[in-house]
Amino acid sequence: MYQLYCRAYQSAFKLVSYILPWRKPELIRGANSLNKLPKLIKSKDIDSVLIVTDKIIASLGLMDELFKGLTDEGVHFVVYKETVPNPTIDNIEDALQMYKANHCQGIVAFGGGSPIDCAKGVGARVARPQKSISQMKGVFKVLKKIPPLFAIPTTSGTGSETTIAAVITDSKTHEKYAINDTSLIPHYAVLDPVLTVNLPPHITSTTGIDALTHAVEAYIGRSNTKETKQYSREAVTLIFENIFEAYSNGSNLVARRNMQQASFLAGLAFTRAYVGYVHAVAHTLGGFYSLPHGLANAIILPYVLEYYGKSAHKSLAELADLVGLSALSDSSEQKAVKFIEAIKNLNQTMGIPNKVDCIVESDIPLMVKRALAESNPLYPVPKIMSEEDITAIYYCIKE
């Protein structure tokens with residue numbers, strides 16, 4: 001009965017999604033395209049912006065040209081740089097106070113998924129000042145326009161520059177959850193590959209597999225449209241063709257550009273078709289242990305794909321065919337296994353571990369409960385998992 005309830009919920013949600021106000025961010029792309037942003041911001045009659053970033057980005061000088069351009073255009077700016085990996089409610093509230101104190105009219109998110117999610121949280125609080133972040137947890141709790149949001153990703157993984165989701169951590173309860181609302185889709189996204197050139201190899205690899213996770217989970221789920229399937233296929237192809245080159249030769253602007261495009265396409269796919277148990281489990285590891293999201297997804301992905309078994313064979317076989325992993329004589333199961341093995345091999349060649357070394361056994365029951373609460377009944381996964389199934393996955397990934 002529970003599985004029937006989940007499938008009914010997902011079917012209803014899929015029908016409703018056809019009438020929702022989806023939008024795609026307006027793209028500014030290409031080498032040094034960041035330089036075009038200040039003039040765009042000024043053209044929107046914005047005189048003051050909040051820039052949300054983190055301490056590492058702030059220390060690298062990547063924003064210097066942006067600062068100069070905003071100054072030249074007469075746009076006042078204030079920088080919030082305290083965002084932590086797995087951004088917290090406190091981060092959002094502190095940044096919100098800066099936004100209000102400086103009479104800001106727009107928000108610039110500069111960095112990886114964490115600053116972009118933090119910026120989305122600020123936007124949600126501006127739109128809904130009477131609602132706390134925890135009250136907007138879940139689906140469609142904002143439903144009002146946020147201030148103009150300009151997203152500048154410096155990693156190629158989260159796709160947050162195009163998604164409806166802001167993933168937030170409650171540092172008091174260690175709960176990590178998503179706010180999902182079409183109003184949180186950024187209005188503009190800057191895809192400048194130059195910003196990713198000096199990304200450390202381990203960030204390139206884990207964020208790249210994060211993008212692959214988005215594309216694969218969207219593709220094998222049951223809420224695909226013709227459009228999201230095509231986005232996923234293009235993203236998977238680009239990642240398999242470019243991720244190792246971007247990892248091993250970070251100065252290759254073509255590989256960097258292609259990984260940015262893959263991340264963007266995967267974001268478009270999963271924001272409409274949703275993700276699955278890989279993300280549900282990864283979010284708990286981020287909430288409990290601050291494990292970076294991309295690293296968690298990269299480790300978990302092969303285990304969950306194997307656990308889906310035959311329910312995912314057909315879709316994974318299609319992806320194996322797509323990237324040239326299979327032979328004509330292979331069965332769907334053999335193709336699916338080859339695709340999963342290819343992910344394992346990618347992880348291994350890029351130094352990504354195959355286990356999580358920080359899991360405390362006594363935490364597993366609560367993490368299982370939270371992973372199930374996130375995923376069921378919302379995520380249109382190939383196979384509905386039980387508490388026992390999810391528990392087994394934690395033990396599979398535990399070192």
# chains A, B, ... in the order shown; residues from 1 in each chain; ligands from 1
>>> select_by_dssp(residues="stretch 143-353 of chain A", states="strand (DSSP E or B)", output="ChimeraX atom specification")
/A:149-153,165-170,175-180,188-191
>>> write_last_selection(atoms="N, CA and C atoms", output="short mmCIF file (atom, residue, chain, number, x, y, z; two decimals), in the first residue's frame")
data_model
loop_
_atom_site.label_atom_id
_atom_site.label_comp_id
_atom_site.auth_asym_id
_atom_site.auth_seq_id
_atom_site.Cartn_x
_atom_site.Cartn_y
_atom_site.Cartn_z
N LEU A 149 18.26 37.61 -9.04
CA LEU A 149 19.35 36.75 -8.56
C LEU A 149 20.27 36.41 -9.72
N PHE A 150 21.56 36.75 -9.56
CA PHE A 150 22.58 36.52 -10.57
C PHE A 150 23.54 35.45 -10.03
N ALA A 151 23.57 34.28 -10.65
CA ALA A 151 24.38 33.17 -10.15
C ALA A 151 25.64 33.01 -10.99
N ILE A 152 26.78 32.94 -10.30
CA ILE A 152 28.08 32.79 -10.96
C ILE A 152 28.76 31.56 -10.39
N PRO A 153 28.56 30.39 -10.99
CA PRO A 153 29.17 29.17 -10.45
C PRO A 153 30.67 29.12 -10.72
N ALA A 165 16.03 24.41 -6.29
CA ALA A 165 16.34 23.95 -4.93
C ALA A 165 17.40 24.81 -4.25
N ALA A 166 17.20 25.03 -2.95
CA ALA A 166 18.23 25.57 -2.07
C ALA A 166 18.36 24.57 -0.92
N VAL A 167 19.53 23.99 -0.77
CA VAL A 167 19.73 22.97 0.25
C VAL A 167 20.39 23.62 1.46
N ILE A 168 19.72 23.51 2.60
CA ILE A 168 20.11 24.24 3.81
C ILE A 168 20.35 23.26 4.96
N THR A 169 21.27 23.61 5.85
CA THR A 169 21.53 22.78 7.03
C THR A 169 21.14 23.54 8.30
N ASP A 170 20.42 22.85 9.17
CA ASP A 170 20.13 23.37 10.49
C ASP A 170 21.26 22.91 11.41
N GLU A 175 20.11 18.64 10.66
CA GLU A 175 19.22 18.25 9.57
C GLU A 175 19.56 19.08 8.34
N LYS A 176 19.62 18.41 7.20
CA LYS A 176 19.89 19.07 5.93
C LYS A 176 18.69 18.82 5.02
N TYR A 177 18.12 19.89 4.51
CA TYR A 177 16.90 19.72 3.72
C TYR A 177 16.86 20.75 2.60
N ALA A 178 15.92 20.55 1.69
CA ALA A 178 15.80 21.43 0.54
C ALA A 178 14.55 22.28 0.63
N ILE A 179 14.68 23.52 0.19
CA ILE A 179 13.54 24.37 -0.13
C ILE A 179 13.41 24.32 -1.64
N ASN A 180 12.26 23.90 -2.14
CA ASN A 180 12.05 23.75 -3.58
C ASN A 180 10.93 24.66 -4.04
N TYR A 188 19.56 35.03 -13.83
CA TYR A 188 20.70 35.07 -14.75
C TYR A 188 21.78 34.12 -14.24
N ALA A 189 22.50 33.49 -15.18
CA ALA A 189 23.62 32.63 -14.82
C ALA A 189 24.81 32.97 -15.70
N VAL A 190 25.96 33.16 -15.08
CA VAL A 190 27.20 33.46 -15.79
C VAL A 190 28.05 32.19 -15.84
N LEU A 191 28.27 31.66 -17.03
CA LEU A 191 29.11 30.46 -17.19
C LEU A 191 30.43 30.89 -17.81
#
>>> closest_atom_pairs(of="stretch 16-96 of chain A", to="stretch 293-313 of chain A", cutoff="12 Å", atoms="only C-alpha atoms", output="tab-separated table")
residue	atom	partner	partner_atom	distance
A:Pro85	CA	A:His293	CA	8.5
A:Asn86	CA	A:His293	CA	7.6
A:Pro87	CA	A:His293	CA	11.2
>>> write_last_selection(atoms="C-alpha atoms", output="JSON list (two decimals), in the first residue's frame")
[["chain", "number", "residue", "atom", "x", "y", "z"],
["A", 85, "PRO", "CA", 30.07, 24.20, 3.03],
["A", 86, "ASN", "CA", 26.50, 22.98, 3.51],
["A", 87, "PRO", "CA", 25.19, 26.52, 4.22]]
>>> closest_residue(among="A:Leu325, A:His174, A:Thr155, A:Glu333", to="A:Thr237", atoms="only C-alpha atoms")
A:Leu325
>>> residues_around(residues="A:Thr196", least_positions_apart="4", cutoff="9 Å", atoms="only C-alpha atoms", output="list in words")
Pro153, Thr154, Thr155, Ser156, Asp192, Thr204, Gly250, Ser251, Leu253, Arg256, Arg257 and Gln260 of chain A
>>> closest_atom_pairs(of="stretch 35-93 of chain A", to="stretch 114-130 of chain A", cutoff="9 Å", atoms="only C-alpha atoms", output="CSV")
residue,atom,partner,partner_atom,distance
A:Leu50,CA,A:Ala119,CA,8.8
A:Ile51,CA,A:Ala119,CA,8.3
A:Val52,CA,A:Pro115,CA,5.8
A:Thr53,CA,A:Pro115,CA,5.0
A:Asp54,CA,A:Pro115,CA,6.6
A:Lys81,CA,A:Pro115,CA,8.6
A:Thr83,CA,A:Pro115,CA,6.1
A:Val84,CA,A:Ser114,CA,7.0
A:Pro85,CA,A:Ser114,CA,5.7
A:Asn86,CA,A:Ser114,CA,5.9
A:Pro87,CA,A:Ser114,CA,5.6
A:Thr88,CA,A:Cys118,CA,7.7
A:Ile89,CA,A:Gly121,CA,8.3
A:Asn91,CA,A:Cys118,CA,7.0
A:Ile92,CA,A:Val122,CA,5.5
A:Glu93,CA,A:Val122,CA,7.3
>>> residues_around(residues="stretch 362-370 of chain A", least_positions_apart="5", cutoff="8 Å", atoms="only C-alpha atoms", output="list in words")
Glu175, Ala280, Val281, Thr284, Leu285, Glu387, Ile390, Thr391 and Tyr394 of chain A
>>> write_last_selection(atoms="N, CA and C atoms", output="mmCIF file, in the first residue's frame")
data_model
loop_
_atom_site.group_PDB
_atom_site.id
_atom_site.type_symbol
_atom_site.label_atom_id
_atom_site.label_comp_id
_atom_site.auth_asym_id
_atom_site.auth_seq_id
_atom_site.Cartn_x
_atom_site.Cartn_y
_atom_site.Cartn_z
ATOM 1 N N GLU A 175 20.110 18.635 10.659
ATOM 2 C CA GLU A 175 19.223 18.252 9.565
ATOM 3 C C GLU A 175 19.564 19.078 8.338
ATOM 4 N N ALA A 280 19.311 11.795 -1.161
ATOM 5 C CA ALA A 280 18.711 11.706 0.176
ATOM 6 C C ALA A 280 19.745 11.254 1.206
ATOM 7 N N VAL A 281 20.541 10.254 0.837
ATOM 8 C CA VAL A 281 21.580 9.758 1.742
ATOM 9 C C VAL A 281 22.703 10.795 1.866
ATOM 10 N N THR A 284 22.064 13.643 4.336
ATOM 11 C CA THR A 284 22.238 13.312 5.762
ATOM 12 C C THR A 284 23.709 13.335 6.147
ATOM 13 N N LEU A 285 24.581 12.878 5.246
ATOM 14 C CA LEU A 285 26.020 12.878 5.547
ATOM 15 C C LEU A 285 26.559 14.300 5.610
ATOM 16 N N GLU A 387 12.903 1.056 4.868
ATOM 17 C CA GLU A 387 13.868 1.404 5.911
ATOM 18 C C GLU A 387 15.039 0.422 5.918
ATOM 19 N N ILE A 390 17.446 1.224 2.910
ATOM 20 C CA ILE A 390 18.274 2.408 3.127
ATOM 21 C C ILE A 390 19.337 2.130 4.189
ATOM 22 N N THR A 391 18.949 1.402 5.224
ATOM 23 C CA THR A 391 19.919 1.028 6.264
ATOM 24 C C THR A 391 21.071 0.229 5.655
ATOM 25 N N TYR A 394 23.630 2.452 3.937
ATOM 26 C CA TYR A 394 24.568 3.114 4.876
ATOM 27 C C TYR A 394 25.693 2.157 5.270
#
>>> atom_distance(atom1="atom CA of A:Arg23", atom2="atom CA of A:Leu212")
22.3 Å
>>> select_by_dssp(residues="stretch 236-349 of chain A", states="alpha helix (DSSP H)", output="PyMOL selection string")
chain A and resi 236-248+253-273+277-289+293-308+313-322+332-349
>>> residues_around(residues="A:Asn249", least_positions_apart="5", cutoff="9 Å", atoms="only C-alpha atoms", output="list in words")
Pro201, Phe244 and Ala255 of chain A
>>> write_last_selection(atoms="N, CA and C atoms", output="PDB file, in the first residue's frame")
ATOM      1  N   PRO A 201      42.143  19.753  -8.278  1.00  0.00           N
ATOM      2  CA  PRO A 201      41.691  18.533  -8.946  1.00  0.00           C
ATOM      3  C   PRO A 201      40.604  17.780  -8.179  1.00  0.00           C
ATOM      4  N   PHE A 244      37.779  13.724 -17.028  1.00  0.00           N
ATOM      5  CA  PHE A 244      39.149  13.354 -16.677  1.00  0.00           C
ATOM      6  C   PHE A 244      40.145  14.380 -17.210  1.00  0.00           C
ATOM      7  N   ALA A 255      37.655  21.817 -22.056  1.00  0.00           N
ATOM      8  CA  ALA A 255      37.135  20.833 -21.104  1.00  0.00           C
ATOM      9  C   ALA A 255      36.377  21.522 -19.968  1.00  0.00           C
TER      10      ALA A 255
END
>>> closest_residue(among="A:Thr271, A:Asn198, A:Thr163, A:Ser375", to="A:His283", atoms="only C-alpha atoms")
A:Ser375
>>> atom_distance(atom1="atom CA of A:Glu26", atom2="atom CA of A:Gly208")
22.6 Å
>>> atom_distance(atom1="atom CA of A:His214", atom2="atom CA of A:Phe270")
5.9 Å
>>> closest_atom_pairs(of="stretch 148-239 of chain A", to="stretch 335-342 of chain A", cutoff="12 Å", atoms="only C-alpha atoms", output="JSON lines")
{"residue": "A:Ile209", "atom": "CA", "partner": "A:Ala342", "partner_atom": "CA", "distance": 11.8}
{"residue": "A:Leu212", "atom": "CA", "partner": "A:Ile340", "partner_atom": "CA", "distance": 11.8}
{"residue": "A:Thr213", "atom": "CA", "partner": "A:Ile340", "partner_atom": "CA", "distance": 11.6}
{"residue": "A:Val216", "atom": "CA", "partner": "A:Phe339", "partner_atom": "CA", "distance": 10.7}
{"residue": "A:Ile220", "atom": "CA", "partner": "A:Ala336", "partner_atom": "CA", "distance": 11.4}
{"residue": "A:Val236", "atom": "CA", "partner": "A:Phe339", "partner_atom": "CA", "distance": 11.1}
>>> closest_residue(among="A:Leu378, A:Val194, A:Ile133, A:Leu322", to="A:Leu62", atoms="only C-alpha atoms")
A:Val194
